[in-house]
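Shown here: query-v1.cif, mmCIF, C-alpha atoms.
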data_upload
#
loop_
_atom_site.label_atom_id
_atom_site.label_comp_id
_atom_site.auth_asym_id
_atom_site.auth_seq_id
_atom_site.Cartn_x
_atom_site.Cartn_y
_atom_site.Cartn_z
CA ASN A 111 -1.09 -5.68 12.86
CA ALA A 112 -0.26 -9.37 12.77
CA GLY A 113 -3.79 -10.18 11.58
CA VAL A 114 -4.88 -13.74 12.34
CA THR A 115 -2.20 -16.01 13.75
CA GLN A 116 -2.34 -19.76 14.30
CA THR A 117 -0.10 -22.16 16.14
CA PRO A 118 1.26 -24.72 15.59
CA LYS A 119 1.85 -24.78 11.83
CA PHE A 120 2.09 -28.55 11.74
CA ARG A 121 1.46 -31.34 14.19
CA ILE A 122 1.41 -35.13 14.19
CA LEU A 123 -0.90 -36.75 16.73
CA LYS A 124 -1.44 -40.34 17.71
CA ILE A 125 -4.98 -41.70 17.76
CA GLY A 126 -6.62 -40.83 21.08
CA GLN A 127 -4.31 -37.94 21.93
CA SER A 128 -5.62 -34.47 22.63
CA MET A 129 -4.43 -31.08 21.52
CA THR A 130 -5.45 -27.46 21.26
CA LEU A 131 -5.05 -25.42 18.11
CA GLN A 132 -4.45 -21.80 18.97
CA CYS A 133 -5.89 -18.84 17.08
CA ALA A 134 -5.53 -15.16 17.84
CA GLN A 135 -6.44 -11.95 16.05
CA ASP A 136 -5.44 -8.36 16.77
CA MET A 137 -7.97 -6.58 14.57
CA ASN A 138 -10.65 -6.27 17.28
CA HIS A 139 -12.96 -8.47 15.22
CA ASN A 140 -16.02 -9.74 17.04
CA TYR A 141 -16.62 -12.81 14.88
CA MET A 142 -14.22 -15.74 14.74
CA TYR A 143 -14.44 -19.08 12.90
CA TRP A 144 -12.78 -22.45 12.62
CA TYR A 145 -12.79 -24.32 9.31
CA ARG A 146 -11.29 -27.52 8.11
CA GLN A 147 -10.20 -28.14 4.56
CA ASP A 148 -9.94 -31.67 3.26
CA PRO A 149 -8.23 -32.59 -0.01
CA GLY A 150 -10.34 -31.67 -3.01
CA MET A 151 -12.97 -30.11 -0.81
CA GLY A 152 -13.80 -26.57 0.13
CA LEU A 153 -13.90 -25.17 3.63
CA LYS A 154 -16.24 -26.73 6.19
CA LEU A 155 -17.24 -24.67 9.22
CA ILE A 156 -16.53 -26.42 12.53
CA TYR A 157 -17.46 -23.77 15.11
CA TYR A 158 -17.86 -20.04 15.21
CA SER A 159 -18.19 -17.28 17.75
CA VAL A 160 -19.99 -13.96 17.56
CA GLY A 161 -18.23 -12.52 20.58
CA ALA A 162 -16.49 -13.35 23.83
CA GLY A 163 -18.42 -15.98 25.75
CA ILE A 164 -20.61 -16.99 22.79
CA THR A 165 -19.94 -19.97 20.54
CA ASP A 166 -22.04 -22.06 18.20
CA LYS A 167 -21.71 -25.18 16.10
CA GLY A 168 -21.03 -25.11 12.42
CA GLU A 169 -21.47 -27.85 9.86
CA VAL A 170 -18.96 -30.39 11.24
CA PRO A 171 -18.57 -29.88 15.02
CA ASN A 172 -18.29 -33.51 16.17
CA GLY A 173 -15.00 -34.29 17.87
CA TYR A 174 -14.16 -30.65 18.56
CA ASN A 175 -14.73 -28.05 21.26
CA VAL A 176 -14.12 -24.33 21.41
CA SER A 177 -14.09 -21.53 23.92
CA ARG A 178 -13.98 -17.77 23.54
CA SER A 179 -12.95 -16.13 26.80
CA THR A 180 -11.50 -13.02 25.13
CA THR A 181 -12.15 -11.12 21.92
CA GLU A 182 -8.68 -11.97 20.65
CA ASP A 183 -8.43 -15.73 21.19
CA PHE A 184 -10.45 -18.65 19.86
CA PRO A 185 -8.79 -22.00 20.59
CA LEU A 186 -10.02 -25.26 19.06
CA ARG A 187 -9.76 -28.39 21.17
CA LEU A 188 -9.52 -31.97 19.88
CA GLU A 189 -10.16 -34.34 22.76
CA LEU A 190 -9.64 -37.80 21.25
CA ALA A 191 -7.88 -37.48 17.93
CA ALA A 192 -9.08 -39.75 15.15
CA PRO A 193 -7.63 -40.32 11.65
CA SER A 194 -10.73 -38.60 10.21
CA GLN A 195 -9.51 -35.38 11.80
CA THR A 196 -6.43 -35.32 9.59
CA SER A 197 -6.90 -32.04 7.78
CA VAL A 198 -5.76 -28.47 7.42
CA TYR A 199 -7.45 -26.18 9.91
CA PHE A 200 -8.02 -22.51 9.24
CA CYS A 201 -9.06 -19.88 11.71
CA ALA A 202 -10.72 -16.71 10.44
CA SER A 203 -12.14 -13.53 11.85
CA SER A 204 -14.43 -10.74 10.70
CA TYR A 205 -16.00 -7.59 11.99
CA SER A 206 -19.76 -7.66 12.03
CA ALA A 207 -22.02 -4.69 12.38
CA ALA A 208 -25.75 -4.81 11.78
CA GLY A 209 -26.43 -5.43 8.11
CA GLY A 210 -22.81 -5.80 7.09
CA GLN A 211 -21.25 -8.06 4.47
CA GLU A 212 -18.20 -9.02 6.39
CA THR A 213 -15.02 -10.12 4.72
CA GLN A 214 -13.32 -12.90 6.62
CA TYR A 215 -9.58 -12.77 7.23
CA PHE A 216 -7.84 -16.09 7.44
CA GLY A 217 -4.88 -17.33 9.40
CA PRO A 218 -2.05 -19.34 7.79
CA GLY A 219 -3.52 -22.70 8.76
CA THR A 220 -2.50 -25.64 10.92
CA ARG A 221 -1.77 -28.94 9.22
CA LEU A 222 -2.74 -31.87 11.43
CA LEU A 223 -1.90 -35.49 10.80
CA VAL A 224 -3.45 -38.16 13.01
CA LEU A 225 -1.80 -41.57 12.84
CA ILE B 80 -27.45 -27.54 4.53
CA LEU B 81 -26.94 -24.93 1.83
CA ASN B 82 -25.74 -26.09 -1.56
CA VAL B 83 -22.98 -23.96 -3.05
CA GLU B 84 -21.37 -25.47 -6.10
CA GLN B 85 -18.48 -24.40 -8.25
CA SER B 86 -17.65 -25.65 -11.70
CA PRO B 87 -15.44 -26.79 -13.08
CA GLN B 88 -13.41 -28.24 -10.20
CA SER B 89 -10.22 -27.50 -12.06
CA LEU B 90 -9.08 -26.05 -15.33
CA HIS B 91 -5.85 -25.56 -17.20
CA VAL B 92 -5.40 -22.31 -19.09
CA GLN B 93 -2.70 -21.29 -21.50
CA GLU B 94 -0.89 -18.09 -20.58
CA GLY B 95 -2.59 -15.15 -22.27
CA ASP B 96 -5.94 -16.89 -22.67
CA SER B 97 -9.05 -15.73 -20.87
CA THR B 98 -11.24 -18.01 -18.83
CA ASN B 99 -14.28 -18.03 -16.61
CA PHE B 100 -15.96 -20.32 -14.13
CA THR B 101 -19.17 -20.52 -12.16
CA CYS B 102 -20.49 -20.44 -8.63
CA SER B 103 -24.11 -21.47 -8.09
CA PHE B 104 -25.94 -20.81 -4.85
CA PRO B 105 -29.46 -20.69 -3.42
CA SER B 106 -31.52 -17.89 -4.95
CA SER B 107 -33.54 -17.39 -1.77
CA ASN B 108 -32.43 -15.59 1.41
CA PHE B 109 -29.50 -14.02 -0.40
CA TYR B 110 -27.38 -11.49 1.44
CA ALA B 111 -23.95 -11.49 -0.21
CA LEU B 112 -21.66 -13.57 -2.37
CA HIS B 113 -17.95 -13.57 -1.57
CA TRP B 114 -15.04 -14.55 -3.81
CA TYR B 115 -11.69 -15.58 -2.38
CA ARG B 116 -8.38 -16.36 -4.01
CA TRP B 117 -6.36 -19.13 -2.41
CA GLU B 118 -2.79 -19.76 -3.45
CA THR B 119 -1.09 -23.02 -2.57
CA ALA B 120 0.49 -23.02 0.92
CA LYS B 121 -1.15 -19.70 1.75
CA SER B 122 -4.45 -18.69 3.29
CA PRO B 123 -7.53 -17.51 1.36
CA GLU B 124 -7.64 -13.82 0.54
CA ALA B 125 -10.78 -11.85 -0.23
CA LEU B 126 -11.32 -10.72 -3.82
CA PHE B 127 -14.87 -9.40 -3.94
CA VAL B 128 -18.03 -9.07 -1.92
CA MET B 129 -21.10 -8.80 -4.12
CA THR B 130 -24.52 -7.86 -2.86
CA LEU B 131 -26.85 -6.62 -5.58
CA ASN B 132 -28.31 -8.43 -8.54
CA GLY B 133 -26.40 -7.34 -11.62
CA ASP B 134 -23.34 -6.34 -9.59
CA GLU B 135 -20.05 -6.35 -11.45
CA LYS B 136 -16.74 -6.10 -9.67
CA LYS B 137 -13.27 -5.77 -11.12
CA LYS B 138 -9.77 -6.05 -9.74
CA GLY B 139 -7.03 -5.86 -12.33
CA ARG B 140 -7.62 -8.65 -14.83
CA ILE B 141 -10.14 -10.43 -12.62
CA SER B 142 -13.82 -9.55 -12.66
CA ALA B 143 -17.04 -11.07 -11.40
CA THR B 144 -20.74 -10.80 -12.13
CA LEU B 145 -23.72 -11.68 -9.98
CA ASN B 146 -27.21 -12.95 -10.76
CA THR B 147 -29.13 -13.38 -7.52
CA LYS B 148 -32.45 -14.22 -9.19
CA GLU B 149 -31.08 -17.36 -10.81
CA GLY B 150 -28.41 -17.98 -8.19
CA TYR B 151 -25.09 -17.81 -9.98
CA SER B 152 -21.94 -15.76 -10.21
CA TYR B 153 -19.21 -15.87 -12.83
CA LEU B 154 -15.58 -15.06 -12.22
CA TYR B 155 -13.52 -14.04 -15.25
CA ILE B 156 -9.77 -13.90 -15.71
CA LYS B 157 -8.67 -11.91 -18.74
CA GLY B 158 -5.28 -12.65 -20.28
CA SER B 159 -4.32 -15.26 -17.68
CA GLN B 160 -0.83 -15.12 -16.22
CA PRO B 161 1.04 -17.83 -14.25
CA GLU B 162 0.57 -15.80 -11.07
CA ASP B 163 -3.20 -16.25 -11.48
CA SER B 164 -2.75 -19.94 -10.67
CA ALA B 165 -4.74 -20.52 -7.50
CA THR B 166 -7.96 -21.99 -6.19
CA TYR B 167 -10.86 -19.58 -6.40
CA LEU B 168 -13.52 -20.02 -3.74
CA CYS B 169 -16.97 -18.55 -3.64
CA ALA B 170 -18.96 -18.29 -0.43
CA PHE B 171 -22.66 -17.63 0.06
CA GLN B 172 -23.87 -15.43 2.89
CA GLY B 173 -27.55 -15.80 3.71
CA ALA B 174 -29.73 -13.10 5.12
CA ALA B 175 -29.98 -14.86 8.46
CA GLY B 176 -26.47 -14.12 9.70
CA ASN B 177 -22.84 -13.92 8.98
CA LYS B 178 -21.84 -17.52 8.40
CA LEU B 179 -20.36 -18.20 4.98
CA THR B 180 -21.03 -21.44 3.13
CA PHE B 181 -18.13 -22.16 0.82
CA GLY B 182 -18.16 -23.91 -2.50
CA GLY B 183 -15.59 -26.57 -3.30
CA GLY B 184 -13.45 -24.19 -5.31
CA THR B 185 -12.18 -24.02 -8.86
CA ARG B 186 -8.49 -24.76 -9.15
CA VAL B 187 -6.90 -22.76 -11.97
CA LEU B 188 -3.51 -23.65 -13.39
CA VAL B 189 -2.04 -21.23 -15.92
CA LYS B 190 0.60 -22.80 -18.12
CA PRO B 191 3.41 -20.60 -19.48
#
Give the structure from the file, written as structure tokens.
Amino acid sequence: NAGVTQTPKFRILKIGQSMTLQCAQDMNHNYMYWYRQDPGMGLKLIYYSVGAGITDKGEVPNGYNVSRSTTEDFPLRLELAAPSQTSVYFCASSYSAAGGQETQYFGPGTRLLVL
Amino acid sequence: ILNVEQSPQSLHVQEGDSTNFTCSFPSSNFYALHWYRWETAKSPEALFVMTLNGDEKKKGRISATLNTKEGYSYLYIKGSQPEDSATYLCAFQGAAGNKLTFGGGTRVLVKP
């Protein structure tokens, strides 16, 4: 199993440009998450999904959009990049059954610089 | 917004010394407390999932305790080694669902 994969690893964007961060998992996990990690800070949840076709906002969703058309893929879309979106983005997945304490498995991260 | 705090933010430890640090979280609606280890340039990896008050977990030289009534967990590193250098994250899981709220992390640097 490849686990959780993310592409690209690094990207430089100009202000106002758009891009999609890709995330895929091959563990048949139903839950998927997008976090951002800013210097000196922990992980902030952007969006999450409990299954294909279902997404919900996390703590810091503004400026981002997601979709979940398949169990495996959970892309994150930035429509109009702003310098405040300079960060490292992590995708994660977990398997949730009723009453479970699910460990999240993280991808390698995408480093984004908006200039 | 849930408040999950970790202290200290960073600490330097001499090789061979033991150390510990704290994660505090809401004492209500508790479901689980997760600990992750995050090495520089890598992704976070799960260490422990703790669910019951009084839980103790151990993995090699790293152990953790849990007090859900007062809302804190300690993580201990015994006989620190340079390879223990990492950021240690705790994450609170409430009873309502599966979202994790992460603390800011404790960055540990073990000096040879």
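When only C-alpha atoms are used to compute distances to B:Tyr167, the closest of the residues B:Ser86, B:Thr185, B:Thr147, B:Thr119 turns out to be B:Thr185.
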Translate the PyMOL selection byres ((chain A) within 6 of (chain B)) into a concrete residue list for this structure, as a CSV table (one decimal) with C-alpha atoms, keeping the file's coordinate frame.
chain,number,residue,atom,x,y,z
A,151,MET,CA,-13.0,-30.1,-0.8
A,152,GLY,CA,-13.8,-26.6,0.1
A,153,LEU,CA,-13.9,-25.2,3.6
A,216,PHE,CA,-7.8,-16.1,7.4
A,218,PRO,CA,-2.0,-19.3,7.8
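Separating atom CA of A:Gly217 from atom CA of A:Leu190 is a distance of 24.1 Å.
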**Message:** For the PyMOL selection byres ((chain A and resi 192-196) around 8), applied here, can you spell out every residue it catches as a VMD selection string?
**Reply:** chain A and resid 125 to 126 190 to 191 197 to 198 221 to 225
**Request:** Translate the PyMOL selection byres ((chain B and resi 143) around 7), as applied to the file shown, into an explicit residue set as a VMD selection string.
**Result:** chain B and resid 135 to 137 142 144 to 145 152 to 155
Output file for the selection above: C-alpha atoms, as a PDB file, in the frame of the given file:
ATOM      1  CA  GLU B 135     -20.050  -6.350 -11.450  1.00  0.00           C
ATOM      2  CA  LYS B 136     -16.740  -6.100  -9.670  1.00  0.00           C
ATOM      3  CA  LYS B 137     -13.270  -5.770 -11.120  1.00  0.00           C
ATOM      4  CA  SER B 142     -13.820  -9.550 -12.660  1.00  0.00           C
ATOM      5  CA  THR B 144     -20.740 -10.800 -12.130  1.00  0.00           C
ATOM      6  CA  LEU B 145     -23.720 -11.680  -9.980  1.00  0.00           C
ATOM      7  CA  SER B 152     -21.940 -15.760 -10.210  1.00  0.00           C
ATOM      8  CA  TYR B 153     -19.210 -15.870 -12.830  1.00  0.00           C
ATOM      9  CA  LEU B 154     -15.580 -15.060 -12.220  1.00  0.00           C
ATOM     10  CA  TYR B 155     -13.520 -14.040 -15.250  1.00  0.00           C
TER      11      TYR B 155
END
**Asked** So how far away is atom CA of A:Asp136 from atom CA of A:Gly161, in Å?
**Response**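 If I compute the distance from atom CA of A:Gly161 to atom CA of A:Asp136, I get 14.0 Å.
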**Item:** Straight-line distance linking atom CA of A:Tyr157 with atom CA of A:Thr130, stated in Å to one decimal
**Value:**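 Separating atom CA of A:Tyr157 from atom CA of A:Thr130 is a distance of 14.0 Å.
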Would you be able to write out as a PDB file with C-alpha atoms, in the coordinates of the input which residues have an atom within 6 Å of (-12.3, -15.7, 13.1) in the file's coordinates, counting only C-alpha atoms?
ATOM      1  CA  TYR A 141     -16.620 -12.810  14.880  1.00  0.00           C
ATOM      2  CA  MET A 142     -14.220 -15.740  14.740  1.00  0.00           C
ATOM      3  CA  TYR A 143     -14.440 -19.080  12.900  1.00  0.00           C
ATOM      4  CA  CYS A 201      -9.060 -19.880  11.710  1.00  0.00           C
ATOM      5  CA  ALA A 202     -10.720 -16.710  10.440  1.00  0.00           C
ATOM      6  CA  SER A 203     -12.140 -13.530  11.850  1.00  0.00           C
ATOM      7  CA  SER A 204     -14.430 -10.740  10.700  1.00  0.00           C
TER       8      SER A 204
END
**Request:** May I ask which of the residues A:Asn172, A:Gln214, A:Gln132, A:Gln147 is the closest one to A:Leu186, counting all atoms listed in the file?
**Result:**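 Using all atoms listed in the file, A:Leu186 sits closest to A:Gln132.
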**Asked** Which is closest to A:Lys154 among A:Asn140, A:Lys124, A:Pro171, A:Ala112, if we use all atoms listed in the file?
**Response** A:Pro171
**Request:** Identify which of the residues B:Phe109, B:Asp96, B:Ser103, B:Ile141 lies closest to B:Val83, counting only C-alpha atoms when measuring atom-to-atom distances.
**Result:** B:Ser103
**Item:** Nearest to A:Ile156, chosen from A:Leu188, A:Lys119, A:Asn138, A:Gln127, with only C-alpha atoms counted in the distances
**Value:**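 Distance minimum relative to A:Ile156 lands on A:Leu188.
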Counting only C-alpha atoms, which residues sit no farther than 6 Å from the position (-12.7, -18.3, -17.6) in the file's frame? I'd like them as a tab-separated table (two decimals) with C-alpha atoms, in the frame of the given file.
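So the final result, stored in part_18.tsv, reads:
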chain	number	residue	atom	x	y	z
B	97	SER	CA	-9.05	-15.73	-20.87
B	98	THR	CA	-11.24	-18.01	-18.83
B	99	ASN	CA	-14.28	-18.03	-16.61
B	100	PHE	CA	-15.96	-20.32	-14.13
B	155	TYR	CA	-13.52	-14.04	-15.25
B	156	ILE	CA	-9.77	-13.90	-15.71
**Message:** Counting all atoms listed in the file, which residue out of B:Gly139, B:Pro87, B:Pro191, B:Pro105 sits closest to B:Ser164?
**Reply:**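 Answer, going by the shortest atom-to-atom distance: B:Pro191.
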Taking N, CA and C atoms as the atom set, what does stretch 111-146 of chain B look like once completed, written as a tab-separated table (two decimals), keeping the file's coordinate frame?
chain	number	residue	atom	x	y	z
B	111	ALA	N	-25.19	-11.87	0.48
B	111	ALA	CA	-23.95	-11.49	-0.21
B	111	ALA	C	-23.27	-12.73	-0.76
B	112	LEU	N	-22.47	-12.52	-1.78
B	112	LEU	CA	-21.66	-13.57	-2.37
B	112	LEU	C	-20.21	-13.10	-2.32
B	113	HIS	N	-19.36	-13.92	-1.73
B	113	HIS	CA	-17.95	-13.57	-1.57
B	113	HIS	C	-17.10	-14.42	-2.50
B	114	TRP	N	-16.06	-13.82	-3.06
B	114	TRP	CA	-15.04	-14.55	-3.81
B	114	TRP	C	-13.70	-14.41	-3.10
B	115	TYR	N	-13.02	-15.56	-2.99
B	115	TYR	CA	-11.69	-15.58	-2.38
B	115	TYR	C	-10.70	-16.21	-3.35
B	116	ARG	N	-9.48	-15.78	-3.23
B	116	ARG	CA	-8.38	-16.36	-4.01
B	116	ARG	C	-7.45	-17.06	-3.03
B	117	TRP	N	-7.10	-18.31	-3.35
B	117	TRP	CA	-6.36	-19.13	-2.41
B	117	TRP	C	-5.18	-19.76	-3.12
B	118	GLU	N	-4.01	-19.21	-2.87
B	118	GLU	CA	-2.79	-19.76	-3.45
B	118	GLU	C	-2.29	-20.92	-2.60
B	119	THR	N	-1.62	-21.84	-3.25
B	119	THR	CA	-1.09	-23.02	-2.57
B	119	THR	C	-0.17	-22.60	-1.43
B	120	ALA	N	-0.33	-23.25	-0.28
B	120	ALA	CA	0.49	-23.02	0.92
B	120	ALA	C	0.26	-21.65	1.55
B	121	LYS	N	-0.78	-20.97	1.12
B	121	LYS	CA	-1.15	-19.70	1.75
B	121	LYS	C	-2.58	-19.78	2.26
B	122	SER	N	-3.08	-18.70	2.82
B	122	SER	CA	-4.45	-18.69	3.29
B	122	SER	C	-5.33	-17.91	2.30
B	123	PRO	N	-6.63	-18.21	2.29
B	123	PRO	CA	-7.53	-17.51	1.36
B	123	PRO	C	-7.52	-16.00	1.59
B	124	GLU	N	-7.58	-15.28	0.47
B	124	GLU	CA	-7.64	-13.82	0.54
B	124	GLU	C	-8.87	-13.33	-0.21
B	125	ALA	N	-9.54	-12.35	0.37
B	125	ALA	CA	-10.78	-11.85	-0.23
B	125	ALA	C	-10.50	-11.13	-1.55
B	126	LEU	N	-11.35	-11.42	-2.54
B	126	LEU	CA	-11.32	-10.72	-3.82
B	126	LEU	C	-12.47	-9.73	-3.91
B	127	PHE	N	-13.70	-10.25	-3.78
B	127	PHE	CA	-14.87	-9.40	-3.94
B	127	PHE	C	-15.94	-9.80	-2.93
B	128	VAL	N	-16.76	-8.82	-2.59
B	128	VAL	CA	-18.03	-9.07	-1.92
B	128	VAL	C	-19.11	-8.45	-2.80
B	129	MET	N	-20.08	-9.26	-3.19
B	129	MET	CA	-21.10	-8.80	-4.12
B	129	MET	C	-22.46	-8.91	-3.46
B	130	THR	N	-23.27	-7.89	-3.62
B	130	THR	CA	-24.52	-7.86	-2.86
B	130	THR	C	-25.76	-7.67	-3.72
B	131	LEU	N	-25.66	-6.96	-4.82
B	131	LEU	CA	-26.85	-6.62	-5.58
B	131	LEU	C	-26.92	-7.40	-6.88
B	132	ASN	N	-28.13	-7.77	-7.26
B	132	ASN	CA	-28.31	-8.43	-8.54
B	132	ASN	C	-27.77	-7.54	-9.66
B	133	GLY	N	-26.97	-8.11	-10.53
B	133	GLY	CA	-26.40	-7.34	-11.62
B	133	GLY	C	-25.06	-6.70	-11.28
B	134	ASP	N	-24.64	-6.86	-10.02
B	134	ASP	CA	-23.34	-6.34	-9.59
B	134	ASP	C	-22.23	-6.84	-10.50
B	135	GLU	N	-21.29	-5.95	-10.80
B	135	GLU	CA	-20.05	-6.35	-11.45
B	135	GLU	C	-18.91	-5.74	-10.66
B	136	LYS	N	-17.91	-6.58	-10.38
B	136	LYS	CA	-16.74	-6.10	-9.67
B	136	LYS	C	-15.50	-6.41	-10.49
B	137	LYS	N	-14.48	-5.56	-10.37
B	137	LYS	CA	-13.27	-5.77	-11.12
B	137	LYS	C	-12.06	-5.44	-10.28
B	138	LYS	N	-11.03	-6.28	-10.43
B	138	LYS	CA	-9.77	-6.05	-9.74
B	138	LYS	C	-8.66	-6.49	-10.67
B	139	GLY	N	-8.07	-5.52	-11.36
B	139	GLY	CA	-7.03	-5.86	-12.33
B	139	GLY	C	-7.65	-6.63	-13.48
B	140	ARG	N	-7.12	-7.84	-13.72
B	140	ARG	CA	-7.62	-8.65	-14.83
B	140	ARG	C	-8.74	-9.60	-14.40
B	141	ILE	N	-9.11	-9.54	-13.15
B	141	ILE	CA	-10.14	-10.43	-12.62
B	141	ILE	C	-11.42	-9.64	-12.40
B	142	SER	N	-12.52	-10.20	-12.87
B	142	SER	CA	-13.82	-9.55	-12.66
B	142	SER	C	-14.86	-10.61	-12.33
B	143	ALA	N	-15.97	-10.15	-11.78
B	143	ALA	CA	-17.04	-11.07	-11.40
B	143	ALA	C	-18.39	-10.42	-11.64
B	144	THR	N	-19.36	-11.26	-11.96
B	144	THR	CA	-20.74	-10.80	-12.13
B	144	THR	C	-21.64	-11.60	-11.20
B	145	LEU	N	-22.82	-11.06	-10.95
B	145	LEU	CA	-23.72	-11.68	-9.98
B	145	LEU	C	-25.15	-11.66	-10.51
B	146	ASN	N	-25.80	-12.83	-10.44
B	146	ASN	CA	-27.21	-12.95	-10.76
B	146	ASN	C	-27.88	-13.63	-9.57
